[in-house]
$ cat start-v7.cif   # mmCIF, C-alpha atoms
data_work
#
loop_
_atom_site.label_atom_id
_atom_site.label_comp_id
_atom_site.auth_asym_id
_atom_site.auth_seq_id
_atom_site.Cartn_x
_atom_site.Cartn_y
_atom_site.Cartn_z
CA MET A 1 0.00 0.00 0.00
CA HIS A 2 1.12 3.52 -0.74
CA ALA A 3 1.56 5.89 2.18
CA GLN A 4 -1.12 8.57 2.31
CA HIS A 5 0.27 12.09 2.28
CA ALA A 6 -1.61 14.97 3.84
CA PRO A 7 -3.31 16.98 1.09
CA ARG A 8 -1.97 20.42 0.34
CA PRO A 9 -4.02 23.47 1.31
CA ALA A 10 -6.40 24.43 -1.47
CA ASP A 11 -5.30 27.20 -3.87
CA PRO A 12 -8.43 28.69 -5.46
CA LEU A 13 -6.41 29.55 -8.57
CA ASP A 14 -5.13 25.97 -8.92
CA LEU A 15 -7.48 23.55 -7.20
CA VAL A 16 -6.16 20.55 -9.13
CA GLU A 17 -2.50 21.43 -8.49
CA LEU A 18 -1.32 21.79 -12.08
CA ASP A 19 1.68 23.62 -10.65
CA THR A 20 3.06 20.27 -9.48
CA LEU A 21 3.53 19.23 -13.12
CA LEU A 22 6.29 21.82 -13.54
CA THR A 23 9.95 21.23 -12.81
CA PRO A 24 11.77 23.66 -10.49
CA ASP A 25 13.49 25.20 -13.54
CA GLU A 26 10.15 25.68 -15.30
CA ARG A 27 8.72 27.36 -12.21
CA ALA A 28 11.76 29.65 -12.14
CA VAL A 29 11.11 30.71 -15.76
CA ARG A 30 7.44 31.29 -14.99
CA ASP A 31 8.20 33.30 -11.87
CA ALA A 32 10.83 35.45 -13.61
CA VAL A 33 8.43 36.45 -16.38
CA ARG A 34 5.60 37.07 -13.90
CA THR A 35 7.84 39.27 -11.75
CA PHE A 36 8.95 41.28 -14.78
CA CYS A 37 5.38 41.78 -15.98
CA ASP A 38 4.14 42.77 -12.54
CA ARG A 39 6.95 45.30 -12.09
CA ARG A 40 7.40 46.71 -15.56
CA VAL A 41 4.08 46.46 -17.39
CA GLU A 42 1.10 45.96 -15.05
CA PRO A 43 1.22 49.51 -13.59
CA HIS A 44 0.94 51.01 -17.09
CA ILE A 45 -0.97 48.54 -19.27
CA ALA A 46 -4.50 49.91 -18.78
CA GLU A 47 -3.28 53.38 -19.71
CA TRP A 48 -1.38 52.06 -22.74
CA PHE A 49 -4.53 50.23 -23.85
CA GLU A 50 -6.60 53.39 -23.44
CA GLN A 51 -4.03 55.50 -25.28
CA GLY A 52 -3.63 52.89 -28.01
CA ALA A 53 0.17 52.81 -27.72
CA ILE A 54 2.97 51.23 -25.69
CA GLU A 55 5.22 54.00 -24.44
CA GLU A 56 8.95 53.49 -25.02
CA ILE A 57 8.36 50.28 -26.98
CA ARG A 58 12.01 50.05 -27.97
CA GLY A 59 13.14 50.24 -24.37
CA LEU A 60 10.59 47.60 -23.36
CA THR A 61 11.67 45.31 -26.22
CA LYS A 62 15.30 45.63 -25.13
CA GLU A 63 14.30 44.65 -21.57
CA LEU A 64 12.44 41.62 -22.94
CA GLY A 65 15.60 40.70 -24.80
CA GLU A 66 17.73 41.08 -21.69
CA LEU A 67 15.37 38.68 -19.92
CA GLY A 68 15.95 36.16 -22.74
CA LEU A 69 12.33 36.07 -23.95
CA LEU A 70 12.88 36.92 -27.64
CA GLY A 71 13.30 33.76 -29.70
CA MET A 72 13.78 31.96 -26.39
CA HIS A 73 12.96 28.54 -27.88
CA LEU A 74 15.56 28.90 -30.67
CA GLU A 75 19.17 27.68 -30.51
CA GLY A 76 22.29 29.77 -31.05
CA TYR A 77 22.78 33.33 -32.33
CA GLY A 78 22.15 34.80 -28.88
CA CYS A 79 18.88 32.89 -28.36
CA ALA A 80 18.20 31.22 -25.03
CA GLY A 81 17.58 27.71 -26.42
CA MET A 82 14.84 26.89 -23.91
CA SER A 83 12.10 24.29 -24.12
CA ALA A 84 8.65 24.58 -25.67
CA VAL A 85 7.12 24.36 -22.18
CA ASP A 86 9.36 27.19 -20.97
CA TYR A 87 8.26 29.30 -23.94
CA GLY A 88 4.62 28.44 -23.31
CA LEU A 89 4.83 29.43 -19.65
CA ALA A 90 6.36 32.75 -20.70
CA CYS A 91 3.51 33.31 -23.17
CA LEU A 92 0.95 32.58 -20.45
CA GLU A 93 2.48 35.12 -18.08
CA LEU A 94 2.93 37.76 -20.79
CA GLU A 95 -0.69 37.47 -21.89
CA ALA A 96 -1.93 37.46 -18.30
CA THR A 97 -0.68 41.03 -18.41
CA ASP A 98 -1.89 41.79 -21.95
CA SER A 99 -2.31 40.02 -25.28
CA GLY A 100 -0.47 42.89 -26.97
CA LEU A 101 2.65 42.18 -24.92
CA ARG A 102 2.55 38.50 -25.82
CA SER A 103 1.95 39.41 -29.47
CA LEU A 104 5.08 41.56 -29.53
CA VAL A 105 7.17 38.67 -28.19
CA SER A 106 5.40 36.04 -30.31
CA VAL A 107 5.77 37.89 -33.62
CA GLN A 108 9.40 38.69 -32.88
CA GLY A 109 10.38 35.16 -31.86
CA SER A 110 7.95 32.70 -33.44
CA LEU A 111 7.44 34.47 -36.75
CA ALA A 112 10.25 36.84 -37.76
CA MET A 113 13.12 35.13 -35.92
CA TYR A 114 11.85 31.60 -36.51
CA ALA A 115 11.59 32.23 -40.27
CA ILE A 116 15.19 33.46 -40.46
CA HIS A 117 16.42 30.73 -38.10
CA ALA A 118 14.69 27.92 -39.99
CA PHE A 119 15.00 29.08 -43.59
CA GLY A 120 17.60 31.84 -43.74
CA SER A 121 21.18 31.86 -44.98
CA GLU A 122 24.04 31.94 -42.52
CA GLU A 123 24.61 35.59 -43.45
CA GLN A 124 20.95 36.47 -42.74
CA LYS A 125 21.11 34.66 -39.39
CA GLN A 126 24.32 36.38 -38.35
CA GLU A 127 23.06 39.80 -39.41
CA TRP A 128 19.65 39.72 -37.73
CA LEU A 129 19.18 37.02 -35.09
CA PRO A 130 21.58 38.33 -32.40
CA ARG A 131 20.06 41.83 -32.61
CA LEU A 132 16.51 40.50 -32.60
CA ALA A 133 17.28 38.21 -29.64
CA ALA A 134 18.77 41.15 -27.72
CA GLY A 135 15.78 43.35 -28.51
CA THR A 136 17.99 46.00 -30.07
CA ALA A 137 16.14 45.34 -33.33
CA ILE A 138 12.43 44.62 -33.83
CA GLY A 139 11.00 42.28 -36.46
CA CYS A 140 7.66 41.77 -38.16
CA PHE A 141 6.14 39.14 -40.46
CA GLY A 142 4.25 40.05 -43.63
CA LEU A 143 1.86 37.36 -44.87
CA THR A 144 -1.77 38.57 -44.55
CA GLU A 145 -3.02 40.96 -47.23
CA PRO A 146 -6.11 43.18 -47.52
CA ASP A 147 -7.80 40.53 -49.71
CA SER A 148 -5.89 37.44 -48.56
CA GLY A 149 -6.31 36.16 -45.00
CA SER A 150 -7.30 32.52 -44.60
CA ASP A 151 -6.21 31.83 -48.18
CA PRO A 152 -2.57 32.99 -48.29
CA GLY A 153 -2.05 31.18 -51.58
CA SER A 154 -4.05 33.94 -53.27
CA MET A 155 -1.61 36.68 -52.20
CA ARG A 156 -0.93 39.44 -54.72
CA THR A 157 2.39 40.73 -53.38
CA ALA A 158 4.95 39.81 -56.03
CA ALA A 159 8.70 39.72 -56.39
CA ARG A 160 10.39 39.78 -59.81
CA ARG A 161 13.98 39.48 -60.85
CA ASP A 162 15.84 42.52 -62.18
CA GLY A 163 19.35 41.39 -62.95
CA ASP A 164 20.77 40.02 -59.71
CA ASP A 165 18.24 41.98 -57.63
CA TRP A 166 14.63 41.44 -56.61
CA ILE A 167 11.86 44.05 -56.95
CA LEU A 168 8.94 43.69 -54.49
CA ASP A 169 5.52 45.24 -54.97
CA GLY A 170 2.40 44.75 -52.83
CA ARG A 171 0.64 45.37 -49.57
CA LYS A 172 0.37 43.44 -46.31
CA MET A 173 -2.27 44.07 -43.63
CA TRP A 174 -2.71 43.62 -39.87
CA ILE A 175 1.03 43.35 -39.26
CA THR A 176 2.05 43.38 -35.60
CA ASN A 177 5.19 45.47 -34.90
CA GLY A 178 5.14 46.80 -38.48
CA SER A 179 5.55 50.52 -37.82
CA VAL A 180 8.41 50.03 -35.34
CA ALA A 181 10.20 47.13 -37.05
CA ASP A 182 13.77 47.24 -38.31
CA VAL A 183 13.29 44.16 -40.48
CA ALA A 184 10.28 42.52 -42.11
CA VAL A 185 10.01 38.94 -43.30
CA VAL A 186 7.77 39.36 -46.35
CA TRP A 187 6.21 36.54 -48.38
CA ALA A 188 5.64 37.15 -52.07
CA ARG A 189 4.80 35.40 -55.31
CA THR A 190 7.67 34.73 -57.69
CA ASP A 191 8.05 32.78 -60.93
CA ASP A 192 9.46 30.06 -58.68
CA GLY A 193 6.50 29.93 -56.29
CA ILE A 194 5.99 31.73 -52.98
CA ARG A 195 9.27 32.88 -51.41
CA GLY A 196 10.24 34.72 -48.25
CA PHE A 197 12.35 37.88 -48.24
CA VAL A 198 14.30 39.60 -45.48
CA VAL A 199 13.44 43.27 -45.98
CA PRO A 200 15.18 46.04 -44.01
CA THR A 201 12.48 48.58 -43.26
CA ASP A 202 14.71 51.48 -44.28
CA ALA A 203 14.75 50.18 -47.87
CA PRO A 204 13.48 52.82 -50.34
CA GLY A 205 9.85 52.20 -51.26
CA PHE A 206 9.00 50.44 -47.97
CA SER A 207 6.52 52.11 -45.61
CA ALA A 208 4.43 50.89 -42.68
CA PRO A 209 1.52 53.18 -41.81
CA ALA A 210 -0.06 52.35 -38.46
CA ILE A 211 -3.63 51.00 -38.37
CA LYS A 212 -5.78 53.22 -36.18
CA HIS A 213 -9.29 52.97 -34.64
CA LYS A 214 -8.79 49.49 -33.15
CA MET A 215 -10.97 48.40 -30.24
CA SER A 216 -8.83 45.32 -29.59
CA LEU A 217 -5.07 44.78 -29.09
CA ARG A 218 -4.78 48.50 -28.49
CA ALA A 219 -1.52 48.09 -26.55
CA SER A 220 0.06 46.61 -29.66
CA VAL A 221 1.49 48.15 -32.81
CA THR A 222 -0.55 47.04 -35.83
CA SER A 223 0.32 48.26 -39.30
CA GLU A 224 -0.04 47.97 -43.02
CA LEU A 225 3.10 47.24 -45.02
CA VAL A 226 3.40 48.98 -48.38
CA LEU A 227 6.05 47.77 -50.81
CA ASP A 228 6.42 50.14 -53.75
CA SER A 229 9.14 48.78 -56.07
CA VAL A 230 11.37 47.85 -53.14
CA ARG A 231 14.73 46.77 -54.56
CA LEU A 232 16.57 44.04 -52.67
CA PRO A 233 19.81 42.20 -53.43
CA GLY A 234 19.63 38.57 -54.52
CA SER A 235 20.83 37.59 -51.04
CA ALA A 236 17.60 38.88 -49.47
CA VAL A 237 15.57 35.77 -50.33
CA LEU A 238 15.23 33.00 -47.71
CA PRO A 239 17.12 30.19 -49.48
CA GLU A 240 15.85 27.14 -47.64
CA VAL A 241 12.14 27.09 -48.43
CA ARG A 242 9.67 27.49 -51.29
CA GLY A 243 5.88 27.52 -51.22
CA LEU A 244 3.40 27.93 -48.39
CA ARG A 245 5.21 25.40 -46.19
CA GLY A 246 7.48 28.24 -45.07
CA PRO A 247 4.97 30.73 -43.71
CA LEU A 248 2.61 28.03 -42.43
CA SER A 249 5.34 26.39 -40.36
CA CYS A 250 6.06 29.80 -38.81
CA LEU A 251 2.36 30.23 -38.03
CA ASN A 252 2.29 26.88 -36.24
CA GLU A 253 5.04 28.13 -33.94
CA ALA A 254 3.02 31.24 -33.11
CA ARG A 255 -0.25 29.32 -32.72
CA TYR A 256 1.38 27.06 -30.15
CA GLY A 257 2.25 30.11 -28.04
CA ILE A 258 -1.31 31.39 -28.35
CA ALA A 259 -2.67 28.18 -26.81
CA TRP A 260 -0.72 29.08 -23.67
CA GLY A 261 -1.21 32.81 -23.87
CA ALA A 262 -4.99 32.68 -24.05
CA MET A 263 -5.01 30.86 -20.72
CA GLY A 264 -3.05 33.75 -19.23
CA ALA A 265 -5.74 36.22 -20.25
CA ALA A 266 -8.37 33.83 -18.89
CA ARG A 267 -6.52 33.42 -15.59
CA SER A 268 -6.31 37.18 -15.12
CA ALA A 269 -10.05 37.60 -15.73
CA PHE A 270 -10.96 34.67 -13.47
CA ARG A 271 -8.71 35.97 -10.71
CA ALA A 272 -10.37 39.40 -10.91
CA ALA A 273 -13.86 37.85 -10.82
CA LEU A 274 -13.02 35.61 -7.85
CA ALA A 275 -11.63 38.51 -5.82
CA TYR A 276 -14.48 40.83 -6.77
CA ALA A 277 -17.13 38.25 -5.86
CA GLY A 278 -15.62 37.92 -2.40
CA ASP A 279 -15.56 41.68 -1.81
CA ARG A 280 -18.83 42.77 -3.43
CA VAL A 281 -21.69 42.76 -0.93
CA GLN A 282 -25.31 42.66 -2.05
CA PHE A 283 -28.40 41.73 -0.02
CA GLY A 284 -26.20 41.77 3.08
CA ARG A 285 -23.59 39.21 2.00
CA PRO A 286 -20.80 38.77 -0.58
CA ILE A 287 -22.04 37.74 -4.00
CA SER A 288 -19.62 34.79 -3.88
CA SER A 289 -22.10 33.19 -1.46
CA PHE A 290 -24.85 33.03 -4.10
CA GLN A 291 -25.39 29.86 -6.08
CA LEU A 292 -25.41 31.44 -9.53
CA THR A 293 -22.14 33.27 -8.87
CA GLN A 294 -20.55 30.07 -7.58
CA ALA A 295 -21.73 28.27 -10.72
CA LYS A 296 -20.03 30.92 -12.88
CA LEU A 297 -16.81 30.73 -10.89
CA THR A 298 -16.84 26.92 -11.05
CA ASP A 299 -17.36 26.87 -14.82
CA MET A 300 -14.54 29.36 -15.30
CA ALA A 301 -12.20 27.37 -13.07
CA LEU A 302 -12.97 24.12 -14.91
CA GLU A 303 -12.30 25.58 -18.36
CA LEU A 304 -9.16 27.36 -17.16
CA ALA A 305 -7.70 24.14 -15.72
CA LYS A 306 -8.61 22.07 -18.78
CA GLY A 307 -7.15 24.60 -21.21
CA THR A 308 -3.95 25.00 -19.21
CA LEU A 309 -3.56 21.22 -19.00
CA LEU A 310 -4.04 20.93 -22.77
CA ALA A 311 -1.39 23.61 -23.40
CA PHE A 312 1.00 21.88 -21.00
CA HIS A 313 0.46 18.50 -22.66
CA LEU A 314 1.05 19.97 -26.12
CA GLY A 315 4.25 21.54 -24.82
CA ARG A 316 5.54 18.21 -23.55
CA VAL A 317 4.68 16.56 -26.89
CA LYS A 318 6.37 19.40 -28.80
CA ASP A 319 9.54 19.01 -26.74
CA ASP A 320 9.46 15.21 -27.11
CA ARG A 321 8.72 14.74 -30.80
CA GLY A 322 7.14 17.84 -32.32
CA LEU A 323 3.52 18.71 -33.04
CA ARG A 324 1.38 18.01 -36.07
CA PRO A 325 -0.63 20.97 -37.41
CA GLU A 326 -3.97 19.61 -36.20
CA GLN A 327 -2.56 19.23 -32.68
CA VAL A 328 -1.63 22.91 -32.70
CA SER A 329 -5.15 23.66 -33.99
CA TYR A 330 -6.61 21.78 -31.00
CA GLY A 331 -4.80 24.08 -28.62
CA LYS A 332 -5.40 27.32 -30.48
CA LEU A 333 -9.10 26.66 -31.17
CA ASN A 334 -10.06 25.30 -27.77
CA ASN A 335 -8.10 27.70 -25.63
CA THR A 336 -8.98 30.94 -27.40
CA ARG A 337 -12.65 29.99 -27.41
CA ALA A 338 -12.57 28.95 -23.74
CA ALA A 339 -10.63 32.06 -22.72
CA LEU A 340 -13.10 34.37 -24.42
CA GLU A 341 -16.01 32.68 -22.66
CA ILE A 342 -14.21 32.93 -19.31
CA CYS A 343 -13.66 36.66 -19.85
CA ARG A 344 -17.29 37.22 -20.83
CA THR A 345 -18.49 35.34 -17.76
CA ALA A 346 -16.08 37.25 -15.53
CA ARG A 347 -17.49 40.46 -17.00
CA THR A 348 -20.96 39.51 -15.74
CA VAL A 349 -19.63 38.79 -12.24
CA LEU A 350 -18.21 42.31 -12.08
CA GLY A 351 -21.44 43.89 -13.30
CA ALA A 352 -20.93 47.47 -14.49
CA ASN A 353 -17.36 47.43 -13.17
CA GLY A 354 -16.68 44.72 -15.75
CA ILE A 355 -16.44 47.33 -18.50
CA SER A 356 -14.02 49.56 -16.58
CA LEU A 357 -10.28 49.57 -17.27
CA GLU A 358 -9.85 49.74 -13.50
CA TYR A 359 -10.16 45.96 -13.86
CA PRO A 360 -8.45 43.80 -16.52
CA VAL A 361 -11.54 41.91 -17.67
CA ILE A 362 -12.92 44.00 -20.56
CA ARG A 363 -9.39 44.61 -21.86
CA HIS A 364 -8.72 40.88 -22.04
CA ALA A 365 -12.16 40.21 -23.54
CA ASN A 366 -11.59 42.81 -26.26
CA ASN A 367 -8.10 41.50 -26.98
CA LEU A 368 -9.34 37.93 -27.27
CA GLU A 369 -11.73 38.96 -30.01
CA SER A 370 -8.57 39.43 -32.10
CA ILE A 371 -6.83 36.33 -30.76
CA LEU A 372 -9.90 34.28 -31.72
CA THR A 373 -9.38 34.99 -35.41
CA TYR A 374 -5.71 35.85 -35.92
CA GLU A 375 -3.19 33.10 -36.72
CA GLY A 376 -6.10 31.12 -38.16
CA THR A 377 -9.82 31.73 -37.73
CA VAL A 378 -12.15 29.48 -35.76
CA GLU A 379 -13.41 28.13 -39.08
CA MET A 380 -9.96 27.21 -40.40
CA HIS A 381 -8.83 25.47 -37.22
CA THR A 382 -12.16 23.62 -37.04
CA LEU A 383 -11.62 22.35 -40.58
CA MET A 384 -7.98 21.46 -39.88
CA ILE A 385 -9.17 19.18 -37.08
CA GLY A 386 -12.04 17.97 -39.24
CA GLN A 387 -9.63 16.99 -42.00
CA ALA A 388 -7.46 15.08 -39.51
CA LEU A 389 -10.55 13.25 -38.23
CA THR A 390 -12.07 12.37 -41.61
CA GLY A 391 -9.32 12.55 -44.18
CA GLN A 392 -11.43 15.04 -46.17
CA ALA A 393 -10.26 18.60 -46.89
CA ALA A 394 -13.50 20.61 -46.63
CA PHE A 395 -11.91 24.02 -47.31
CA ARG A 396 -10.43 23.26 -50.76
#
$ encode --input "start-v7.cif" --output "structure tokens"
Amino acid sequence: MHAQHAPRPADPLDLVELDTLLTPDERAVRDAVRTFCDRRVEPHIAEWFEQGAIEEIRGLTKELGELGLLGMHLEGYGCAGMSAVDYGLACLELEATDSGLRSLVSVQGSLAMYAIHAFGSEEQKQEWLPRLAAGTAIGCFGLTEPDSGSDPGSMRTAARRDGDDWILDGRKMWITNGSVADVAVVWARTDDGIRGFVVPTDAPGFSAPAIKHKMSLRASVTSELVLDSVRLPGSAVLPEVRGLRGPLSCLNEARYGIAWGAMGAARSAFRAALAYAGDRVQFGRPISSFQLTQAKLTDMALELAKGTLLAFHLGRVKDDRGLRPEQVSYGKLNNTRAALEICRTARTVLGANGISLEYPVIRHANNLESILTYEGTVEMHTLMIGQALTGQAAFR
């Protein structure tokens, strides 16, 4: 018979003790990111969201680099070389502060840096990866276009040869970090299929006007990229990939981080609702004592634990043998959908205060409206899983 150990005291934020699944090193990574976010970002994030801008974004990016969070799951070139679970835990803590903060780190590391790391020449890696890892340079990733979202194969941005050079023309849309980036990884049609290009943003003909009037991801730089006969040397093309496999493999890296990050936003909203329900007195007692409020809190806690456990499991599988695209879709689809529902439920617990930026709930809920559809819409991830289940591609 096994000896019976005394149960641990209950933690309302982790009733099923998911924390015990982490190694001491993983907890140290988690705690370091949480401490940084609490000190550096939390005091300002509501104001940044309201203003629609992160103040001193270059300074903040450099601090993220000093902490080792930029391209942290990549090897060499100044990258930290940490595990997928470590990266996921960082994404969770970053997004518990704000989805815009996680987006900055995700686009830098999982899209721009990953593309160069996986498909770039040695010269491209040496030129850009150390600076991007240190946060002294900022990167963006240009795939989506005004008329090409879920169907990237229909992109219109084109690159043509002119002697030894390339000439790029086109537009990209909804590009995180675009207006502040030093380098853009841009995907374009060529006579040889879709290719990726490393584009310095000071190249003549390149501009990145900011997208205004957003009601979501306001503490994030979102831009259009305009390429007007941008001339690049022949060495600007990513040599190791052709076709959509390149950008889609980058997207799978980012989608994995979203599966973790969404649970951070959900945890923040749940935590706010739990605390508020204990403090808010109506009819002579805290609203946490009412059955309907307890039902809401229970449902939120269940979905938060299940989503976090799914993200953790996917991280272990990724570290062990890699993830298939439909496995990434499981995490992205389930966890963004669950997180949005948690935030909406938390909003009802807070009543009118739920729409105030004095609390994090409406900010997370608004942000998750973007997270729900970027890096693959609900429909596309549903059909990715459907194809894996049935063998039938319903979206072609």
$ resolve_selection --input "start-v7.cif" --expression "the PyMOL selection byres ((chain A and resi 168-180) around 6)" --output "list in words"
Cys140, Gly142, Thr144, Glu145, Pro146, Thr157, Ala158, Ala159, Ile167, Ala181, Ala208, Ala210, Val221, Thr222, Ser223, Glu224, Leu225, Val226, Leu227, Asp228, Ser229 and Val230 of chain A
$ resolve_selection --input "start-v7.cif" --expression "the PyMOL selection byres ((chain A and resi 45-57) around 7)" --output "PyMOL selection string"
chain A and resi 41-44+58-61+218-220+357
$ resolve_selection --input "start-v7.cif" --expression "the PyMOL selection byres ((chain A and resi 14-22) around 9)" --output "list of chain:residue names"
A:Arg8, A:Ala10, A:Asp11, A:Pro12, A:Leu13, A:Thr23, A:Pro24, A:Asp25, A:Glu26, A:Arg27, A:Ala301, A:Ala305, A:Thr308, A:Leu309, A:Phe312
$ atom_distance --input "start-v7.cif" --atom1 "CA of Arg337 (chain A)" --atom2 "CA of Ala262 (chain A)"
8.8 Å
$ residues_near_point --input "start-v7.cif" --point "(11.1, 43.4, -46.7)" --cutoff "8 Å" --atoms "only C-alpha atoms" --output "PyMOL selection string"
chain A and resi 183-186+197-201+203+206+227+230
$ write_last_selection --input "start-v7.cif" --atoms "C-alpha atoms" --output "PDB file, keeping the file's coordinate frame"
ATOM      1  CA  VAL A 183      13.290  44.160 -40.480  1.00  0.00           C
ATOM      2  CA  ALA A 184      10.280  42.520 -42.110  1.00  0.00           C
ATOM      3  CA  VAL A 185      10.010  38.940 -43.300  1.00  0.00           C
ATOM      4  CA  VAL A 186       7.770  39.360 -46.350  1.00  0.00           C
ATOM      5  CA  PHE A 197      12.350  37.880 -48.240  1.00  0.00           C
ATOM      6  CA  VAL A 198      14.300  39.600 -45.480  1.00  0.00           C
ATOM      7  CA  VAL A 199      13.440  43.270 -45.980  1.00  0.00           C
ATOM      8  CA  PRO A 200      15.180  46.040 -44.010  1.00  0.00           C
ATOM      9  CA  THR A 201      12.480  48.580 -43.260  1.00  0.00           C
ATOM     10  CA  ALA A 203      14.750  50.180 -47.870  1.00  0.00           C
ATOM     11  CA  PHE A 206       9.000  50.440 -47.970  1.00  0.00           C
ATOM     12  CA  LEU A 227       6.050  47.770 -50.810  1.00  0.00           C
ATOM     13  CA  VAL A 230      11.370  47.850 -53.140  1.00  0.00           C
TER      14      VAL A 230
END
